[in-house]
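Colleague: Contents of final27.cif (mmCIF, C-alpha atoms) are below:
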```cif
data_input
loop_
_atom_site.label_atom_id
_atom_site.label_comp_id
_atom_site.auth_asym_id
_atom_site.auth_seq_id
_atom_site.Cartn_x
_atom_site.Cartn_y
_atom_site.Cartn_z
CA THR A 11 0.00 0.00 0.00
CA ALA A 12 0.99 3.68 -0.30
CA SER A 13 1.66 3.90 3.44
CA GLY A 14 3.90 0.86 3.33
CA GLU A 15 1.47 -1.22 5.35
CA SER A 16 0.63 -4.76 4.24
CA PRO A 17 -2.91 -5.51 3.07
CA SER A 18 -5.19 -6.71 5.85
CA PRO A 19 -5.74 -10.48 6.19
CA MET A 20 -9.40 -10.06 5.18
CA ARG A 21 -8.51 -8.14 2.03
CA ARG A 22 -5.78 -10.63 1.18
CA THR A 23 -8.22 -13.51 1.68
CA LYS A 24 -10.78 -11.89 -0.64
CA GLU A 25 -8.12 -11.28 -3.29
CA ASP A 26 -6.89 -14.86 -3.02
CA ALA A 27 -10.44 -16.18 -3.25
CA GLU A 28 -11.09 -14.12 -6.39
CA LYS A 29 -7.84 -15.33 -7.97
CA THR A 30 -8.89 -18.91 -7.25
CA ARG A 31 -12.33 -18.28 -8.73
CA GLN A 32 -10.80 -16.88 -11.92
CA ALA A 33 -8.38 -19.81 -12.14
CA VAL A 34 -11.30 -22.24 -11.82
CA LEU A 35 -13.25 -20.40 -14.55
CA GLU A 36 -10.21 -20.40 -16.85
CA ALA A 37 -9.75 -24.13 -16.27
CA ALA A 38 -13.44 -24.78 -16.92
CA LEU A 39 -13.33 -22.74 -20.15
CA THR A 40 -10.33 -24.73 -21.34
CA LEU A 41 -11.71 -28.16 -20.50
CA PHE A 42 -15.35 -27.59 -21.48
CA SER A 43 -14.29 -26.16 -24.86
CA ARG A 44 -11.79 -28.96 -25.49
CA ASP A 45 -13.51 -32.04 -24.08
CA GLY A 46 -17.18 -31.09 -23.73
CA TYR A 47 -19.46 -30.86 -20.73
CA SER A 48 -19.96 -34.56 -19.97
CA LEU A 49 -16.28 -35.57 -20.00
CA THR A 50 -15.17 -32.64 -17.85
CA THR A 51 -15.34 -33.44 -14.14
CA LEU A 52 -14.81 -31.13 -11.20
CA SER A 53 -11.72 -33.16 -10.29
CA ARG A 54 -10.20 -32.47 -13.70
CA ILE A 55 -11.10 -28.77 -13.43
CA ALA A 56 -9.46 -28.62 -9.99
CA LYS A 57 -6.29 -30.25 -11.34
CA GLU A 58 -6.19 -27.84 -14.30
CA ALA A 59 -6.71 -24.88 -11.95
CA GLY A 60 -4.01 -26.08 -9.55
CA CYS A 61 -6.27 -26.42 -6.54
CA SER A 62 -8.35 -29.01 -4.69
CA ARG A 63 -12.08 -29.49 -5.20
CA GLY A 64 -12.79 -27.64 -1.94
CA PRO A 65 -12.25 -24.11 -3.31
CA ILE A 66 -14.47 -24.93 -6.29
CA TYR A 67 -17.37 -25.76 -3.97
CA TRP A 68 -16.76 -22.48 -2.14
CA HIS A 69 -17.68 -20.59 -5.31
CA PHE A 70 -19.88 -23.06 -7.22
CA GLN A 71 -22.25 -25.56 -5.63
CA THR A 72 -22.34 -27.90 -8.64
CA LYS A 73 -20.79 -28.41 -12.05
CA ASP A 74 -23.97 -26.94 -13.54
CA ASP A 75 -23.38 -23.70 -11.58
CA LEU A 76 -19.85 -23.54 -12.94
CA TYR A 77 -21.15 -24.23 -16.44
CA GLU A 78 -23.60 -21.32 -16.14
CA ALA A 79 -20.78 -19.02 -15.04
CA VAL A 80 -18.72 -20.05 -18.06
CA LEU A 81 -21.62 -19.40 -20.45
CA SER A 82 -22.07 -15.92 -18.95
CA TYR A 83 -18.86 -14.92 -20.78
CA SER A 84 -20.93 -14.87 -23.98
CA GLN A 85 -24.40 -14.22 -22.56
CA GLU A 86 -23.62 -11.06 -20.60
CA PRO A 87 -21.93 -9.14 -23.44
CA LEU A 88 -24.85 -9.98 -25.72
CA LYS A 89 -27.42 -8.86 -23.14
CA GLN A 90 -25.53 -5.58 -22.78
CA LEU A 91 -25.28 -5.23 -26.56
CA VAL A 92 -29.05 -5.65 -26.98
CA SER A 93 -29.62 -2.89 -24.40
CA GLU A 94 -27.07 -0.63 -26.11
CA CYS A 95 -28.67 -0.99 -29.52
CA ARG A 96 -32.19 -0.45 -28.23
CA SER A 97 -31.10 2.78 -26.54
CA LEU A 98 -29.04 4.16 -29.44
CA GLU A 99 -30.54 7.41 -30.66
CA GLY A 100 -30.67 8.12 -34.36
CA SER A 101 -30.87 5.68 -37.20
CA PRO A 102 -31.78 1.99 -36.81
CA ILE A 103 -29.14 1.43 -39.48
CA GLU A 104 -26.48 2.70 -37.06
CA ALA A 105 -27.79 0.50 -34.24
CA LEU A 106 -27.86 -2.65 -36.37
CA ASN A 107 -24.42 -2.01 -37.85
CA HIS A 108 -23.13 -1.66 -34.29
CA PHE A 109 -24.75 -4.93 -33.25
CA ILE A 110 -23.38 -6.93 -36.19
CA GLU A 111 -19.86 -5.54 -35.90
CA ARG A 112 -19.81 -6.03 -32.13
CA TRP A 113 -21.18 -9.60 -32.28
CA LEU A 114 -18.64 -10.69 -34.90
CA GLY A 115 -15.85 -8.59 -33.37
CA LEU A 116 -16.27 -10.23 -29.97
CA LEU A 117 -16.20 -13.62 -31.64
CA ALA A 118 -13.01 -12.83 -33.53
CA ASN A 119 -11.12 -10.99 -30.78
CA ASP A 120 -12.33 -12.11 -27.33
CA ARG A 121 -11.08 -15.58 -26.39
CA LYS A 122 -13.38 -16.10 -23.41
CA TYR A 123 -16.43 -14.99 -25.39
CA ARG A 124 -15.47 -17.30 -28.26
CA GLN A 125 -14.82 -20.31 -26.02
CA SER A 126 -18.08 -19.74 -24.16
CA PHE A 127 -20.03 -19.61 -27.41
CA GLU A 128 -18.31 -22.73 -28.70
CA ILE A 129 -19.06 -24.65 -25.50
CA LEU A 130 -22.76 -23.92 -25.89
CA LEU A 131 -22.97 -24.65 -29.62
CA ASN A 132 -20.53 -27.51 -30.12
CA LYS A 133 -19.49 -29.01 -26.80
CA THR A 134 -22.70 -29.53 -24.83
CA GLU A 135 -25.17 -32.40 -24.86
CA LEU A 136 -28.53 -30.68 -24.46
CA THR A 137 -30.20 -32.83 -21.79
CA ASP A 138 -32.82 -32.16 -19.12
CA ALA A 139 -29.99 -31.27 -16.73
CA MET A 140 -29.38 -28.22 -18.93
CA SER A 141 -32.96 -26.93 -18.60
CA LYS A 142 -32.12 -23.86 -16.49
CA THR A 143 -29.23 -22.83 -18.72
CA LEU A 144 -31.18 -23.49 -21.90
CA LYS A 145 -34.09 -21.41 -20.62
CA GLN A 146 -31.75 -18.44 -20.12
CA GLU A 147 -30.21 -18.95 -23.55
CA ARG A 148 -33.61 -19.11 -25.24
CA GLN A 149 -34.71 -15.93 -23.45
CA LEU A 150 -31.61 -14.20 -24.81
CA THR A 151 -32.34 -15.55 -28.30
CA ARG A 152 -35.88 -14.14 -28.16
CA ALA A 153 -34.54 -10.78 -26.94
CA ILE A 154 -32.10 -10.55 -29.85
CA ILE A 155 -34.77 -11.48 -32.41
CA ALA A 156 -37.14 -8.92 -30.87
CA MET A 157 -34.45 -6.23 -31.08
CA PHE A 158 -33.89 -6.98 -34.77
CA ARG A 159 -37.65 -6.97 -35.37
CA GLU A 160 -38.14 -3.58 -33.69
CA LEU A 161 -35.19 -1.89 -35.39
CA LEU A 162 -36.02 -3.29 -38.83
CA ALA A 163 -39.66 -2.23 -38.39
CA ARG A 164 -38.40 1.30 -37.76
CA ALA A 165 -36.11 1.11 -40.79
CA LYS A 166 -39.04 0.00 -42.93
CA GLU A 167 -41.30 2.79 -41.63
CA GLU A 168 -38.60 5.36 -42.38
CA GLY A 169 -38.08 4.01 -45.90
CA LEU A 170 -34.53 2.91 -45.17
CA ILE A 171 -35.23 -0.61 -46.37
CA THR A 172 -37.64 -1.68 -49.11
CA THR A 173 -39.06 -5.14 -48.70
CA GLN A 174 -42.40 -6.92 -48.67
CA GLU A 175 -41.27 -9.16 -45.80
CA THR A 176 -42.70 -8.60 -42.32
CA PRO A 177 -40.53 -7.34 -39.43
CA GLU A 178 -41.24 -10.65 -37.66
CA ASP A 179 -39.74 -12.64 -40.51
CA LEU A 180 -36.85 -10.19 -40.90
CA GLY A 181 -36.01 -10.48 -37.19
CA LEU A 182 -35.79 -14.26 -37.47
CA LEU A 183 -33.79 -14.01 -40.70
CA SER A 184 -31.29 -11.62 -39.08
CA TYR A 185 -30.67 -13.90 -36.11
CA THR A 186 -30.25 -17.04 -38.18
CA TYR A 187 -27.89 -15.18 -40.54
CA LEU A 188 -25.54 -14.24 -37.70
CA MET A 189 -25.81 -17.64 -36.03
CA GLY A 190 -24.99 -19.33 -39.34
CA ILE A 191 -21.81 -17.28 -39.68
CA THR A 192 -20.92 -17.99 -36.05
CA GLN A 193 -21.50 -21.73 -36.25
CA SER A 194 -19.65 -22.08 -39.56
CA TRP A 195 -16.58 -20.23 -38.30
CA LEU A 196 -16.45 -22.00 -34.93
CA PHE A 197 -16.76 -25.36 -36.67
CA SER A 198 -13.97 -24.56 -39.14
CA PRO A 199 -11.97 -21.39 -38.28
CA ARG A 200 -9.62 -21.96 -41.23
CA LEU A 201 -12.53 -21.73 -43.65
CA PHE A 202 -12.29 -17.93 -43.62
CA SER A 203 -10.76 -15.07 -41.65
CA LEU A 204 -13.59 -13.66 -39.55
CA LYS A 205 -11.67 -10.45 -38.81
CA GLN A 206 -11.24 -9.78 -42.53
CA THR A 207 -14.83 -10.58 -43.48
CA ILE A 208 -16.78 -8.67 -40.82
CA ARG A 209 -17.42 -5.71 -43.16
CA PHE A 210 -18.42 -8.07 -45.97
CA PHE A 211 -20.96 -9.85 -43.76
CA ARG A 212 -22.30 -6.51 -42.55
CA ARG A 213 -22.79 -5.30 -46.15
CA GLN A 214 -24.48 -8.52 -47.18
CA PHE A 215 -26.83 -8.30 -44.21
CA TRP A 216 -28.33 -5.14 -45.71
CA VAL A 217 -28.68 -6.78 -49.11
CA LEU A 218 -30.51 -9.62 -47.35
CA VAL A 219 -33.05 -7.38 -45.63
CA GLY A 220 -33.65 -5.12 -48.62
CA ARG A 221 -31.69 -1.94 -48.18
CA PRO A 222 -31.38 -0.13 -51.53
#
```
Now, as a test, write the supplied structure out as structure tokens.
Modeller:
Amino acid sequence: TASGESPSPMRRTKEDAEKTRQAVLEAALTLFSRDGYSLTTLSRIAKEAGCSRGPIYWHFQTKDDLYEAVLSYSQEPLKQLVSECRSLEGSPIEALNHFIERWLGLLANDRKYRQSFEILLNKTELTDAMSKTLKQERQLTRAIIAMFRELLARAKEEGLITTQETPEDLGLLSYTYLMGITQSWLFSPRLFSLKQTIRFFRRQFWVLVGRP
């Protein structure tokens, strides 16, 4: 500290606990994304994190709780992004461009976000045990589709896009377009450079929804 005093035992304990929690989350990200949910045990996570199972149970009651925390690395940024785009003043074009670039940019540049997304899409067996997590994910999916629907309805009303399709159908189309790009790239990252094609995918989105 500035005064030369050592941190208090309580503060040091909190800092150590947070470091352990982060180490456990890093280990879980690594193992879930590499080996999948079913094959990853708490014992293996503890070994990867360099601790015993005891500290894991201090932070997470079950493996499902830890799994939810890992998925929050992709869920939370997307929830925040939906709120940002809904509150953006000005053109719906600006808001949707921001959403597309941010979604794909996070995927290309943020390791934890990317691993979290990959765990959900490619490394999880969707069983009844996943019901709580899947419910949250489906709520987020509906929120994203609703955001697209609202913004594209505004764009249509303002004459910024010309299409006979309904905002409901356009909202669904927009979500499946982005998810298709995401799934394709996560499945085979060498297929294309996501960083280099973000602007291309953004331009083609507007062709898809009927912007002149």
Colleague: So how far away is atom CA of Leu130 of chain A from atom CA of Ser203 of chain A, in Å?
Modeller: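 Distance reported for this atom pair: 21.7 Å.
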Colleague: To one decimal in Å, tell me the separation between atom CA of Phe127 of chain A and atom CA of Ser82 of chain A.
Modeller: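 If I compute the distance from atom CA of Phe127 of chain A to atom CA of Ser82 of chain A, I get 9.5 Å.
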Colleague: Using all atoms listed in the file, which of the listed residues (A:Ile55, A:Leu114, A:Ala105, A:Ile66) sits closest to Met157 of chain A?
Modeller: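 Of all the options, A:Ala105 lies closest to Met157 of chain A.
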Colleague: Pick from A:Ala156, A:Leu196, A:Ala59, A:Leu91: nearest to Gln32 of chain A, with all atoms listed in the file counted?
Modeller: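 Of all the options, A:Ala59 lies closest to Gln32 of chain A.
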Colleague: In Å to one decimal, how far is atom CA of Leu204 of chain A from atom CA of Leu180 of chain A?
Modeller: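 Pair atom CA of Leu180 of chain A / atom CA of Leu204 of chain A returns 23.6 Å.
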Colleague: Please expand the PyMOL selection byres ((chain A and resi 161) around 12) into the concrete residues it hits in this file, giving the result as a PyMOL selection string.
Modeller: chain A and resi 92+95-107+109+154-160+162-168+170-171+177-178+180-181+184+219
Colleague: Can you give me, as a list in words, the residues this file yields under the PyMOL selection byres ((chain A and resi 43-49) around 7)?
Modeller: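 This file gives the following for the PyMOL selection byres ((chain A and resi 43-49) around 7): Leu39, Thr40, Leu41, Phe42, Thr50, Thr51, Gln125, Glu128, Ile129, Lys133 and Thr134 of chain A.
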Colleague: Would you mind telling me which residue in A:Leu35, A:Gly220, A:Arg212, A:Lys29 lies nearest to Thr176 of chain A when using all atoms listed in the file?
Modeller: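 For Thr176 of chain A, the nearest of the candidates is A:Gly220.
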Colleague: Tell me which protein, DNA and RNA residues are within 10 Å of segment 191-193 of chain A, counting all atoms listed in the file, leaving out same-chain ones fewer than 4 positions away, and put them as a ChimeraX atom specification.
Modeller: /A:113-114,117-118,124,127-128,131-132,186-187,197-199,204,211
Colleague: Could those residues be written to a file, using C-alpha atoms, as an mmCIF file, keeping the file's coordinate frame?
Modeller:
```cif
data_model
loop_
_atom_site.group_PDB
_atom_site.id
_atom_site.type_symbol
_atom_site.label_atom_id
_atom_site.label_comp_id
_atom_site.auth_asym_id
_atom_site.auth_seq_id
_atom_site.Cartn_x
_atom_site.Cartn_y
_atom_site.Cartn_z
ATOM 1 C CA TRP A 113 -21.180 -9.600 -32.280
ATOM 2 C CA LEU A 114 -18.640 -10.690 -34.900
ATOM 3 C CA LEU A 117 -16.200 -13.620 -31.640
ATOM 4 C CA ALA A 118 -13.010 -12.830 -33.530
ATOM 5 C CA ARG A 124 -15.470 -17.300 -28.260
ATOM 6 C CA PHE A 127 -20.030 -19.610 -27.410
ATOM 7 C CA GLU A 128 -18.310 -22.730 -28.700
ATOM 8 C CA LEU A 131 -22.970 -24.650 -29.620
ATOM 9 C CA ASN A 132 -20.530 -27.510 -30.120
ATOM 10 C CA THR A 186 -30.250 -17.040 -38.180
ATOM 11 C CA TYR A 187 -27.890 -15.180 -40.540
ATOM 12 C CA PHE A 197 -16.760 -25.360 -36.670
ATOM 13 C CA SER A 198 -13.970 -24.560 -39.140
ATOM 14 C CA PRO A 199 -11.970 -21.390 -38.280
ATOM 15 C CA LEU A 204 -13.590 -13.660 -39.550
ATOM 16 C CA PHE A 211 -20.960 -9.850 -43.760
#
```
Colleague: Using only C-alpha atoms, which of A:Gln174, A:Thr143, A:Gln206, A:Ser194 sits nearest Ala79 of chain A?
Modeller: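 Nearest candidate to Ala79 of chain A out of A:Gln174, A:Thr143, A:Gln206, A:Ser194: A:Thr143.
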Colleague: Which one is closest to Phe70 of chain A: A:Leu183, A:Leu88, A:Val34, A:Met189? Count only C-alpha atoms.
Modeller: A:Val34
